[in-house]
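With compact mmCIF, C-alpha atoms inside, this is model_13.txt:
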```txt
# COMPACT_ATOMS: atom_id res chain seq x y z
CA MET A 1248 105.34 128.43 100.02
CA SER A 1249 103.85 127.53 103.35
CA HIS A 1250 101.07 125.03 103.70
CA PRO A 1251 97.84 126.54 105.00
CA ALA A 1252 97.26 123.80 107.55
CA LEU A 1253 100.75 124.15 108.95
CA ASP A 1254 100.32 127.80 109.83
CA HIS A 1255 97.52 127.66 112.35
CA HIS A 1256 97.73 124.14 113.71
CA HIS A 1257 99.81 123.44 116.78
CA SER A 1258 100.27 119.74 116.11
CA PRO A 1259 103.56 118.39 117.45
CA GLY A 1260 104.30 117.13 113.94
CA THR A 1261 105.91 120.34 112.86
CA PRO A 1262 109.69 120.09 112.76
CA SER A 1263 110.36 123.05 115.05
CA ASP A 1264 108.67 121.46 118.06
CA PRO A 1265 110.98 119.65 120.49
CA PRO A 1266 110.18 116.05 121.47
CA VAL A 1267 107.55 116.09 124.18
CA SER A 1268 107.65 114.01 127.32
CA THR A 1269 104.44 112.23 128.23
CA GLY A 1270 105.16 112.94 131.87
CA ALA A 1271 105.32 109.24 132.79
CA ALA A 1272 108.35 108.07 134.75
CA PRO A 1273 111.13 106.43 132.70
CA ALA A 1274 111.65 102.71 133.11
CA PRO A 1275 114.23 101.84 135.78
CA GLY A 1276 117.73 101.60 134.38
CA PHE A 1277 116.75 103.39 131.21
CA LEU A 1278 118.09 106.87 130.70
CA PRO A 1279 115.85 108.39 128.01
CA SER A 1280 118.20 111.02 126.70
CA ALA A 1281 121.24 108.73 126.49
CA ASP A 1282 120.01 106.71 123.54
CA PRO A 1283 117.45 108.61 121.52
CA LEU A 1284 115.70 107.29 118.43
CA THR A 1285 116.15 109.61 115.47
CA ILE A 1286 113.61 109.54 112.64
CA GLY A 1287 113.91 112.25 110.02
CA ASP A 1288 114.67 115.48 111.85
CA ARG A 1289 113.19 114.44 115.19
CA GLU A 1290 114.44 112.62 118.26
CA PHE A 1291 112.40 110.40 120.55
CA ALA A 1292 113.33 109.07 123.98
CA SER A 1293 110.79 106.26 123.56
CA ARG A 1294 111.39 103.50 121.02
CA LEU A 1295 107.81 102.28 121.18
CA ILE A 1296 105.42 103.58 118.53
CA MET A 1297 101.82 102.88 119.38
CA GLY A 1298 98.68 102.49 117.33
CA THR A 1299 95.27 103.52 118.58
CA GLY A 1300 93.10 100.94 116.82
CA GLY A 1301 91.28 98.21 118.68
CA ALA A 1302 90.99 99.91 122.08
CA PRO A 1303 87.61 99.33 123.75
CA SER A 1304 87.33 103.01 124.73
CA LEU A 1305 89.23 106.28 124.61
CA GLU A 1306 89.69 106.11 128.40
CA ILE A 1307 91.38 102.70 128.23
CA LEU A 1308 93.43 103.87 125.25
CA GLU A 1309 94.65 106.92 127.15
CA ARG A 1310 95.78 104.86 130.14
CA ALA A 1311 97.58 102.41 127.85
CA LEU A 1312 99.34 105.21 125.96
CA ILE A 1313 100.59 106.72 129.20
CA ALA A 1314 101.79 103.31 130.45
CA SER A 1315 103.59 102.66 127.16
CA GLY A 1316 105.62 105.86 127.36
CA THR A 1317 105.14 106.35 123.60
CA GLN A 1318 105.85 109.70 121.95
CA LEU A 1319 104.62 108.82 118.45
CA THR A 1320 101.23 107.25 117.77
CA THR A 1321 99.24 106.41 114.67
CA VAL A 1322 95.72 107.37 113.67
CA ALA A 1323 93.69 106.46 110.58
CA MET A 1324 91.93 108.89 108.25
CA ARG A 1325 88.22 108.20 107.79
CA ARG A 1326 85.07 109.96 106.64
CA LEU A 1327 83.82 112.50 109.17
CA ASN A 1328 80.91 111.07 111.13
CA PRO A 1329 78.93 113.89 112.78
CA ARG A 1330 77.46 111.43 115.30
CA VAL A 1331 80.80 110.32 116.77
CA GLN A 1332 81.59 111.88 120.14
CA GLY A 1333 85.14 112.28 121.47
CA SER A 1334 88.27 112.36 119.41
CA VAL A 1335 91.48 110.38 119.51
CA LEU A 1336 93.21 113.62 118.50
CA SER A 1337 92.22 115.32 121.74
CA VAL A 1338 93.72 112.40 123.69
CA LEU A 1339 97.03 112.62 121.82
CA ASP A 1340 97.05 116.40 122.12
CA ARG A 1341 96.47 116.20 125.86
CA LEU A 1342 99.31 113.70 126.30
CA GLY A 1343 101.72 115.64 124.06
CA ILE A 1344 102.17 112.67 121.74
CA GLN A 1345 103.10 113.31 118.09
CA VAL A 1346 100.36 112.11 115.75
CA LEU A 1347 101.38 109.83 112.89
CA PRO A 1348 98.57 109.45 110.33
CA ASN A 1349 98.50 106.19 108.40
CA THR A 1350 97.04 105.27 105.04
CA ALA A 1351 95.36 102.09 106.28
CA GLY A 1352 92.73 100.76 103.91
CA CYS A 1353 94.46 101.95 100.74
CA PHE A 1354 95.01 99.42 97.95
CA THR A 1355 96.66 101.63 95.34
CA ALA A 1356 99.44 104.20 95.30
CA GLY A 1357 96.94 106.83 94.18
CA GLU A 1358 94.62 106.25 97.13
CA ALA A 1359 97.53 106.30 99.57
CA VAL A 1360 99.02 109.51 98.18
CA LEU A 1361 95.66 111.31 98.35
CA THR A 1362 95.05 110.02 101.89
CA ALA A 1363 98.50 111.23 102.99
CA ARG A 1364 97.84 114.65 101.50
CA LEU A 1365 94.46 114.85 103.25
CA ALA A 1366 96.13 113.88 106.52
CA ARG A 1367 98.74 116.60 106.04
CA GLU A 1368 95.98 119.11 105.48
CA ALA A 1369 93.86 117.89 108.42
CA LEU A 1370 96.59 117.34 111.00
CA GLY A 1371 99.34 119.73 109.96
CA THR A 1372 101.99 117.03 109.77
CA ALA A 1373 103.99 115.87 106.78
CA TRP A 1374 104.75 112.57 108.47
CA VAL A 1375 102.93 109.52 107.18
CA LYS A 1376 102.93 105.84 108.01
CA LEU A 1377 102.46 104.55 104.49
CA GLU A 1378 100.33 101.44 104.10
CA VAL A 1379 99.32 100.07 100.71
CA VAL A 1380 97.92 96.59 101.10
CA ALA A 1381 97.21 93.91 98.51
CA ASP A 1382 94.17 92.17 99.98
CA GLU A 1383 91.82 92.20 102.96
CA ARG A 1384 92.57 88.66 104.07
CA THR A 1385 96.30 88.99 104.76
CA LEU A 1386 96.67 92.80 104.73
CA LEU A 1387 100.12 92.17 103.28
CA PRO A 1388 101.73 95.15 101.54
CA ASP A 1389 101.58 95.46 97.75
CA PRO A 1390 105.28 96.09 97.07
CA ILE A 1391 104.82 97.68 93.63
CA GLU A 1392 102.18 100.17 94.75
CA LEU A 1393 104.05 100.81 98.01
CA LEU A 1394 107.30 101.78 96.33
CA ASP A 1395 105.44 103.96 93.83
CA ALA A 1396 103.57 105.81 96.60
CA ALA A 1397 106.71 106.15 98.73
CA GLU A 1398 108.62 107.81 95.91
CA THR A 1399 105.77 110.21 95.14
CA LEU A 1400 105.33 111.23 98.78
CA VAL A 1401 109.06 111.70 99.43
CA ASP A 1402 109.20 113.95 96.36
CA ASP A 1403 106.23 115.85 97.80
CA GLY A 1404 108.17 116.57 101.00
CA PHE A 1405 106.69 113.89 103.25
CA THR A 1406 108.58 112.02 105.97
CA VAL A 1407 107.59 108.52 104.89
CA LEU A 1408 107.53 105.49 107.19
CA PRO A 1409 106.46 102.55 105.02
CA TYR A 1410 104.82 99.38 106.32
CA THR A 1411 106.58 96.78 104.21
CA ASN A 1412 107.19 93.10 103.71
CA ASP A 1413 110.15 91.57 105.57
CA ASP A 1414 112.05 91.64 102.27
CA PRO A 1415 115.62 92.99 102.42
CA VAL A 1416 115.56 93.90 98.71
CA LEU A 1417 112.37 95.95 98.98
CA ALA A 1418 113.65 97.51 102.21
CA GLN A 1419 116.74 98.73 100.36
CA LYS A 1420 114.65 100.15 97.51
CA LEU A 1421 112.40 102.01 99.96
CA GLU A 1422 115.46 103.48 101.62
CA ASP A 1423 116.90 104.42 98.22
CA VAL A 1424 113.82 106.48 97.32
CA GLY A 1425 114.21 108.42 100.56
CA CYS A 1426 112.00 106.80 103.20
CA ALA A 1427 112.83 107.96 106.74
CA ALA A 1428 112.43 104.49 108.25
CA ILE A 1429 111.67 100.93 107.19
CA MET A 1430 108.78 99.14 108.91
CA PRO A 1431 108.80 95.44 108.09
CA LEU A 1432 106.01 93.20 109.32
CA GLY A 1433 106.85 90.38 111.71
CA SER A 1434 103.63 88.58 110.75
CA PRO A 1435 100.20 89.72 109.52
CA ILE A 1436 98.58 92.72 111.22
CA GLY A 1437 96.69 91.70 114.34
CA SER A 1438 97.83 88.08 114.14
CA GLY A 1439 100.06 88.11 117.22
CA LEU A 1440 102.29 85.54 115.52
CA GLY A 1441 105.51 87.38 116.34
CA ILE A 1442 108.49 87.55 113.99
CA ARG A 1443 108.18 84.70 111.51
CA ASN A 1444 111.46 85.36 109.73
CA PRO A 1445 114.01 86.65 112.23
CA HIS A 1446 116.83 86.16 109.76
CA ASN A 1447 115.28 88.61 107.31
CA PHE A 1448 114.97 91.17 110.09
CA GLN A 1449 118.66 90.77 110.82
CA LEU A 1450 119.53 91.18 107.15
CA ILE A 1451 117.40 94.31 106.86
CA ALA A 1452 118.68 95.85 110.10
CA GLU A 1453 122.34 95.13 109.29
CA ARG A 1454 122.23 97.03 106.03
CA ALA A 1455 119.77 99.84 106.65
CA ARG A 1456 121.02 103.36 107.32
CA VAL A 1457 117.57 104.47 108.50
CA PRO A 1458 115.73 103.08 111.54
CA VAL A 1459 114.18 99.64 111.08
CA ILE A 1460 110.95 99.35 113.03
CA LEU A 1461 109.05 96.13 113.62
CA ASP A 1462 105.52 96.80 112.46
CA ALA A 1463 102.75 94.27 112.92
CA GLY A 1464 102.74 90.81 114.42
CA ALA A 1465 103.89 91.44 117.99
CA GLY A 1466 101.76 89.39 120.37
CA THR A 1467 103.56 89.75 123.66
CA ALA A 1468 106.64 91.25 125.30
CA SER A 1469 109.10 88.59 124.15
CA ASP A 1470 108.29 89.35 120.48
CA VAL A 1471 109.19 92.97 121.11
CA ALA A 1472 112.42 92.18 122.95
CA LEU A 1473 113.43 89.84 120.12
CA ALA A 1474 112.82 92.55 117.53
CA MET A 1475 115.13 94.92 119.37
CA GLU A 1476 117.75 92.18 119.85
CA LEU A 1477 117.66 91.53 116.09
CA GLY A 1478 118.67 95.13 115.50
CA CYS A 1479 115.38 96.99 115.17
CA ALA A 1480 115.60 100.61 116.28
CA ALA A 1481 112.01 100.66 117.49
CA VAL A 1482 108.77 98.69 117.58
CA MET A 1483 105.31 99.69 116.40
CA LEU A 1484 102.30 97.86 117.78
CA ALA A 1485 98.63 98.32 118.49
CA SER A 1486 96.57 95.13 118.80
CA ALA A 1487 99.00 93.44 121.20
CA VAL A 1488 98.17 96.18 123.70
CA THR A 1489 94.71 97.43 122.77
CA ARG A 1490 93.23 93.93 122.48
CA ALA A 1491 95.05 92.46 125.50
CA GLN A 1492 92.85 91.58 128.46
CA GLU A 1493 94.57 94.36 130.42
CA PRO A 1494 95.75 96.95 127.88
CA GLU A 1495 97.42 99.23 130.42
CA LEU A 1496 99.41 96.35 131.93
CA MET A 1497 100.50 95.07 128.51
CA ALA A 1498 101.51 98.57 127.48
CA GLU A 1499 103.84 98.74 130.47
CA ALA A 1500 105.21 95.29 129.60
CA MET A 1501 105.94 96.45 126.05
CA ARG A 1502 107.72 99.52 127.33
CA TYR A 1503 110.07 97.38 129.43
CA ALA A 1504 110.49 94.87 126.60
CA VAL A 1505 111.63 97.57 124.17
CA SER A 1506 114.12 98.91 126.71
CA ALA A 1507 115.37 95.43 127.67
CA GLY A 1508 115.80 94.36 124.07
CA ARG A 1509 117.55 97.59 123.14
CA LEU A 1510 119.97 97.33 126.06
CA ALA A 1511 120.67 93.67 125.25
CA SER A 1512 121.29 94.55 121.61
CA ARG A 1513 123.80 97.24 122.56
CA ALA A 1514 125.42 95.03 125.20
CA GLY A 1515 126.40 92.29 122.72
CA ARG A 1516 125.18 88.82 123.62
CA ILE A 1517 127.43 85.81 124.25
CA PRO A 1518 128.03 83.45 121.34
CA ARG A 1519 125.86 80.34 121.22
CA ARG A 1520 127.74 77.14 122.09
CA HIS A 1521 127.00 73.47 121.53
CA PHE A 1522 128.31 72.35 124.92
CA ALA A 1523 128.47 73.87 128.37
CA LEU A 1524 131.12 76.33 129.46
CA ALA A 1525 131.54 76.38 133.24
CA SER A 1526 131.20 79.74 134.85
CA SER A 1527 132.94 78.63 138.10
CA PRO A 1528 136.72 78.16 137.92
CA ASP A 1529 138.22 74.69 137.46
CA GLU A 1530 141.37 75.70 139.31
CA GLY A 1531 141.46 75.20 143.10
CA ARG A 1532 138.85 72.45 143.27
CA ALA A 1533 139.16 70.08 146.29
CA HIS A 1534 140.38 66.57 145.41
CA LEU A 1535 137.72 64.29 146.85
CA ASP A 1536 137.25 60.52 146.52
CA PRO A 1537 134.30 60.11 144.20
CA GLU A 1538 133.80 56.48 145.39
CA ARG A 1539 133.04 57.47 148.99
CA PRO A 1540 130.22 59.96 149.11
CA ALA A 1541 130.03 61.67 152.49
CA PHE A 1542 126.29 61.26 152.88
CA GLU A 1543 126.27 57.43 153.31
CA MET B 1291 61.53 132.84 77.58
CA THR B 1292 64.77 132.04 79.36
CA VAL B 1293 64.99 128.89 81.42
CA SER B 1294 65.55 129.70 85.10
CA PRO B 1295 68.60 127.99 86.60
CA PRO B 1296 68.09 125.05 88.95
CA VAL B 1297 68.02 126.08 92.60
CA THR B 1298 69.64 122.94 93.91
CA LEU B 1299 72.57 120.76 92.90
CA THR B 1300 73.15 117.10 93.61
CA VAL B 1301 76.61 116.37 94.96
CA SER B 1302 78.08 113.34 96.65
CA VAL B 1303 79.23 113.89 100.24
CA ASN B 1304 81.23 111.03 101.73
CA GLY B 1305 79.51 108.67 99.31
CA GLU B 1306 75.95 109.86 99.98
CA PRO B 1307 73.96 111.93 97.46
CA ARG B 1308 73.07 115.33 98.83
CA GLN B 1309 70.98 118.26 97.57
CA VAL B 1310 72.62 121.64 98.14
CA PRO B 1311 71.58 125.13 97.03
CA ASP B 1312 73.28 126.38 93.92
CA GLY B 1313 76.31 128.46 94.91
CA THR B 1314 77.07 126.42 98.06
CA THR B 1315 80.76 126.60 98.90
CA LEU B 1316 82.91 123.93 100.47
CA ASP B 1317 83.18 125.70 103.82
CA GLN B 1318 79.38 125.94 104.01
CA LEU B 1319 79.07 122.23 103.26
CA VAL B 1320 81.66 121.21 105.89
CA ALA B 1321 79.89 123.43 108.43
CA THR B 1322 76.79 121.24 108.03
CA LEU B 1323 78.86 118.21 109.11
CA THR B 1324 80.82 119.64 112.03
CA THR B 1325 81.01 122.82 114.04
CA ALA B 1326 84.68 122.14 114.85
CA PRO B 1327 86.54 121.75 111.56
CA GLY B 1328 89.96 121.39 113.26
CA GLY B 1329 91.55 118.10 112.23
CA VAL B 1330 89.35 117.89 109.12
CA ALA B 1331 90.40 117.84 105.47
CA ALA B 1332 88.37 117.86 102.27
CA ALA B 1333 88.87 116.64 98.74
CA VAL B 1334 86.68 117.46 95.75
CA ASN B 1335 86.87 115.00 92.88
CA GLU B 1336 89.99 113.36 94.31
CA ALA B 1337 91.91 116.62 94.72
CA VAL B 1338 92.73 118.07 98.15
CA VAL B 1339 91.28 121.53 98.68
CA PRO B 1340 93.35 123.47 101.25
CA ARG B 1341 91.20 124.95 103.99
CA GLY B 1342 92.02 128.50 102.97
CA GLN B 1343 90.35 127.82 99.62
CA TRP B 1344 87.13 126.36 101.02
CA PRO B 1345 85.17 129.67 100.98
CA ALA B 1346 86.15 130.26 97.35
CA THR B 1347 85.31 126.73 96.23
CA ALA B 1348 81.76 126.64 94.89
CA LEU B 1349 80.37 123.17 94.38
CA SER B 1350 79.24 121.97 90.98
CA ALA B 1351 76.66 119.33 90.13
CA GLU B 1352 77.95 115.78 90.47
CA ASP B 1353 80.99 116.84 92.52
CA ARG B 1354 82.37 114.08 94.72
CA VAL B 1355 83.26 115.56 98.11
CA GLU B 1356 85.18 113.62 100.73
CA VAL B 1357 85.49 115.07 104.23
CA LEU B 1358 87.93 113.16 106.40
CA THR B 1359 89.19 113.28 109.96
CA ALA B 1360 91.47 111.23 112.20
CA VAL B 1361 90.03 108.20 113.99
CA GLN B 1362 91.52 105.40 116.08
CA GLY B 1363 93.60 103.17 113.87
CA GLY B 1364 96.88 101.50 113.12
```
So that I can check it, write out the structure of this file as structure tokens.
Amino acid sequence: MSHPALDHHHSPGTPSDPPVSTGAAPAPGFLPSADPLTIGDREFASRLIMGTGGAPSLEILERALIASGTQLTTVAMRRLNPRVQGSVLSVLDRLGIQVLPNTAGCFTAGEAVLTARLAREALGTAWVKLEVVADERTLLPDPIELLDAAETLVDDGFTVLPYTNDDPVLAQKLEDVGCAAIMPLGSPIGSGLGIRNPHNFQLIAERARVPVILDAGAGTASDVALAMELGCAAVMLASAVTRAQEPELMAEAMRYAVSAGRLASRAGRIPRRHFALASSPDEGRAHLDPERPAFE
Amino acid sequence: MTVSPPVTLTVSVNGEPRQVPDGTTLDQLVATLTTAPGGVAAAVNEAVVPRGQWPATALSAEDRVEVLTAVQGG
């Protein structure tokens, strides 16, 4: 049986729509189609998922989204306010960016499931960035409620992208119940503290068979490059761009950082060494008298 | 003498008490909040009501109606 909202809405969230280009030029040296990100049944040339929260205005947000090259961007579901002018949805629609509703602000599985179902009805997409947090101070995920909600929503046909702790065990359980990606936090939302436990990210990324996406904590471009080097398939961020002094500039930086980190990850870095290893050959050196420097 | 039915009901709309005429349907209520219901979803008493069912959903006294839309976030 078809879902009423899916029939009349032209949101890019429906599976039949091809990935949409934002029209911005690809980063130099990065061939978009050569290395697509696959989540669920969709492919994305961009590996940067953006949030829309924290931007000073819709105009600044739009410029930052274009500069980021993102093709998938989150929104929150809130009570309709008749006095609010302008809609983030019209910006995403204009840019051809797939909307990814989140369940931010939910503290229980029940709240999150209802919010996801309302988002599906409102936006015509069965994709959801699942957030179930434990408290306002840390905004850390509640793992019990999260897993419960994830299982319910997967069974209900949702493509579930859960915001989770950087816990390899929980990541595995979320994958086992059918989540389409795993989104561990580098550090608390909005903190800009980067990836506090890189080893856990490596452990999660090594084992996962679905994309692992850094979610929360990125402060600047190096955090993003590190995430990709650790094996993340993509990065999700909002505050690092929207609350930067120059959001558009930081968005461009993040776009390059994702590409640079991804390329470095695929290239295979050199092993770390304790001592130096000369890069110029030893063979063929001139035999000079070290006691008689020429410059005396 | 029969008691005439009340002409208004009190429902909760996005957390605020609201008087509506008896027989008001969900689509009529949403229309008082926005003229462009695209991107909007509604739940009555914690159950999603698909848009196609709004005209057939008459509100009852004490109903809790939530009308949500997408905003900047995440």
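Of the listed residues (A:Ala1418, A:Leu1339, A:Ala1396, A:Leu1327), A:Leu1327 comes nearest to Thr1325 of chain B; the distances count all atoms listed in the file.
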Exercise. So, counting only C-alpha atoms, which residue among A:Arg1490, A:Arg1294, A:Arg1502, A:Arg1509 is closest to Gly1478 of chain A?
Worked result: A:Arg1509
For this session: Name all residues at most 7 Å from segment 1351-1361 of chain B (count all atoms listed in the file; drop same-chain ones fewer than 5 positions away) and give them as a list of chain:residue names.
Result: A:Val1322, A:Ala1323, A:Met1324, A:Arg1325, A:Arg1326, A:Leu1327, A:Val1335, A:Leu1336, A:Ala1369, B:Leu1299, B:Thr1300, B:Val1301, B:Ser1302, B:Val1303, B:Asn1304, B:Gly1329, B:Val1330, B:Ala1331, B:Ala1332, B:Ala1333, B:Val1334, B:Asn1335
Which residues of chain A are close to chain B, meaning at most 10 Å apart when you count only C-alpha atoms, and how do they look as a PDB file with C-alpha atoms, in the coordinates of the input?
```
ATOM      1  CA  HIS A1250     101.070 125.030 103.700  1.00  0.00           C
ATOM      2  CA  PRO A1251      97.840 126.540 105.000  1.00  0.00           C
ATOM      3  CA  ALA A1252      97.260 123.800 107.550  1.00  0.00           C
ATOM      4  CA  HIS A1255      97.520 127.660 112.350  1.00  0.00           C
ATOM      5  CA  HIS A1256      97.730 124.140 113.710  1.00  0.00           C
ATOM      6  CA  SER A1258     100.270 119.740 116.110  1.00  0.00           C
ATOM      7  CA  MET A1297     101.820 102.880 119.380  1.00  0.00           C
ATOM      8  CA  GLY A1298      98.680 102.490 117.330  1.00  0.00           C
ATOM      9  CA  THR A1299      95.270 103.520 118.580  1.00  0.00           C
ATOM     10  CA  GLY A1300      93.100 100.940 116.820  1.00  0.00           C
ATOM     11  CA  GLY A1301      91.280  98.210 118.680  1.00  0.00           C
ATOM     12  CA  ALA A1302      90.990  99.910 122.080  1.00  0.00           C
ATOM     13  CA  SER A1304      87.330 103.010 124.730  1.00  0.00           C
ATOM     14  CA  LEU A1305      89.230 106.280 124.610  1.00  0.00           C
ATOM     15  CA  LEU A1308      93.430 103.870 125.250  1.00  0.00           C
ATOM     16  CA  THR A1320     101.230 107.250 117.770  1.00  0.00           C
ATOM     17  CA  THR A1321      99.240 106.410 114.670  1.00  0.00           C
ATOM     18  CA  VAL A1322      95.720 107.370 113.670  1.00  0.00           C
ATOM     19  CA  ALA A1323      93.690 106.460 110.580  1.00  0.00           C
ATOM     20  CA  MET A1324      91.930 108.890 108.250  1.00  0.00           C
ATOM     21  CA  ARG A1325      88.220 108.200 107.790  1.00  0.00           C
ATOM     22  CA  ARG A1326      85.070 109.960 106.640  1.00  0.00           C
ATOM     23  CA  LEU A1327      83.820 112.500 109.170  1.00  0.00           C
ATOM     24  CA  ASN A1328      80.910 111.070 111.130  1.00  0.00           C
ATOM     25  CA  PRO A1329      78.930 113.890 112.780  1.00  0.00           C
ATOM     26  CA  ARG A1330      77.460 111.430 115.300  1.00  0.00           C
ATOM     27  CA  VAL A1331      80.800 110.320 116.770  1.00  0.00           C
ATOM     28  CA  GLY A1333      85.140 112.280 121.470  1.00  0.00           C
ATOM     29  CA  SER A1334      88.270 112.360 119.410  1.00  0.00           C
ATOM     30  CA  VAL A1335      91.480 110.380 119.510  1.00  0.00           C
ATOM     31  CA  LEU A1336      93.210 113.620 118.500  1.00  0.00           C
ATOM     32  CA  SER A1337      92.220 115.320 121.740  1.00  0.00           C
ATOM     33  CA  VAL A1346     100.360 112.110 115.750  1.00  0.00           C
ATOM     34  CA  LEU A1347     101.380 109.830 112.890  1.00  0.00           C
ATOM     35  CA  PRO A1348      98.570 109.450 110.330  1.00  0.00           C
ATOM     36  CA  ASN A1349      98.500 106.190 108.400  1.00  0.00           C
ATOM     37  CA  THR A1350      97.040 105.270 105.040  1.00  0.00           C
ATOM     38  CA  ALA A1351      95.360 102.090 106.280  1.00  0.00           C
ATOM     39  CA  GLY A1357      96.940 106.830  94.180  1.00  0.00           C
ATOM     40  CA  GLU A1358      94.620 106.250  97.130  1.00  0.00           C
ATOM     41  CA  LEU A1361      95.660 111.310  98.350  1.00  0.00           C
ATOM     42  CA  THR A1362      95.050 110.020 101.890  1.00  0.00           C
ATOM     43  CA  ARG A1364      97.840 114.650 101.500  1.00  0.00           C
ATOM     44  CA  LEU A1365      94.460 114.850 103.250  1.00  0.00           C
ATOM     45  CA  ALA A1366      96.130 113.880 106.520  1.00  0.00           C
ATOM     46  CA  ARG A1367      98.740 116.600 106.040  1.00  0.00           C
ATOM     47  CA  GLU A1368      95.980 119.110 105.480  1.00  0.00           C
ATOM     48  CA  ALA A1369      93.860 117.890 108.420  1.00  0.00           C
ATOM     49  CA  LEU A1370      96.590 117.340 111.000  1.00  0.00           C
ATOM     50  CA  GLY A1371      99.340 119.730 109.960  1.00  0.00           C
ATOM     51  CA  LYS A1376     102.930 105.840 108.010  1.00  0.00           C
ATOM     52  CA  GLU A1378     100.330 101.440 104.100  1.00  0.00           C
ATOM     53  CA  ILE A1436      98.580  92.720 111.220  1.00  0.00           C
ATOM     54  CA  GLY A1437      96.690  91.700 114.340  1.00  0.00           C
ATOM     55  CA  ASP A1462     105.520  96.800 112.460  1.00  0.00           C
ATOM     56  CA  ALA A1463     102.750  94.270 112.920  1.00  0.00           C
ATOM     57  CA  MET A1483     105.310  99.690 116.400  1.00  0.00           C
ATOM     58  CA  LEU A1484     102.300  97.860 117.780  1.00  0.00           C
ATOM     59  CA  ALA A1485      98.630  98.320 118.490  1.00  0.00           C
ATOM     60  CA  SER A1486      96.570  95.130 118.800  1.00  0.00           C
TER      61      SER A1486
END
```
Problem set entry | Cut-off 8 Å around (118.9, 91.4, 102.0) with only C-alpha atoms: residues as a PyMOL selection string | chain A and resi 1414-1416+1419+1447+1450-1451+1454
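The space separating atom CA of Asp1395 of chain A from atom CA of Ala1427 of chain A comes to 15.4 Å.
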For this session: Can you work out the spacing between atom CA of Lys1420 of chain A and atom CA of Leu1377 of chain A in Å, to one decimal?
Result: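 Answer for the atom CA of Lys1420 of chain A to atom CA of Leu1377 of chain A separation: 14.7 Å.
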For this session: Could you please determine the separation between atom CA of Met1501 of chain A and atom CA of Leu1432 of chain A in Å, to one decimal place?
Result: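 Taking atom CA of Met1501 of chain A as the start and atom CA of Leu1432 of chain A as the end point, the length is 17.0 Å.
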Would you kindly return, as a PDB file with C-alpha atoms, keeping the file's coordinate frame, each protein, DNA or RNA residue with an atom no farther than 9 Å from any atom of Arg1456 of chain A, considering only C-alpha atoms and excluding same-chain residues fewer than 3 positions away?
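New file result-v9.pdb:
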```pdb
ATOM      1  CA  GLU A1422     115.460 103.480 101.620  1.00  0.00           C
ATOM      2  CA  ALA A1428     112.430 104.490 108.250  1.00  0.00           C
ATOM      3  CA  ALA A1452     118.680  95.850 110.100  1.00  0.00           C
ATOM      4  CA  GLU A1453     122.340  95.130 109.290  1.00  0.00           C
ATOM      5  CA  VAL A1459     114.180  99.640 111.080  1.00  0.00           C
TER       6      VAL A1459
END
```
Problem set entry | Surrounding residues of Trp1344 of chain B excluding itself and chain neighbours under 5 positions, 7 Å, only C-alpha atoms, as a ChimeraX atom specification | /B:1315-1317,1339
What are the centre and edge lengths in Å, to one decimal, of the axis-aligned box around all listed atoms of segment 1303-1306 of chain B with 4 Å added on each side, as AutoDock Vina command-line options?
```
--center_x 78.6 --center_y 111.3 --center_z 100.5 --size_x 13.3 --size_y 13.2 --size_z 10.4
```
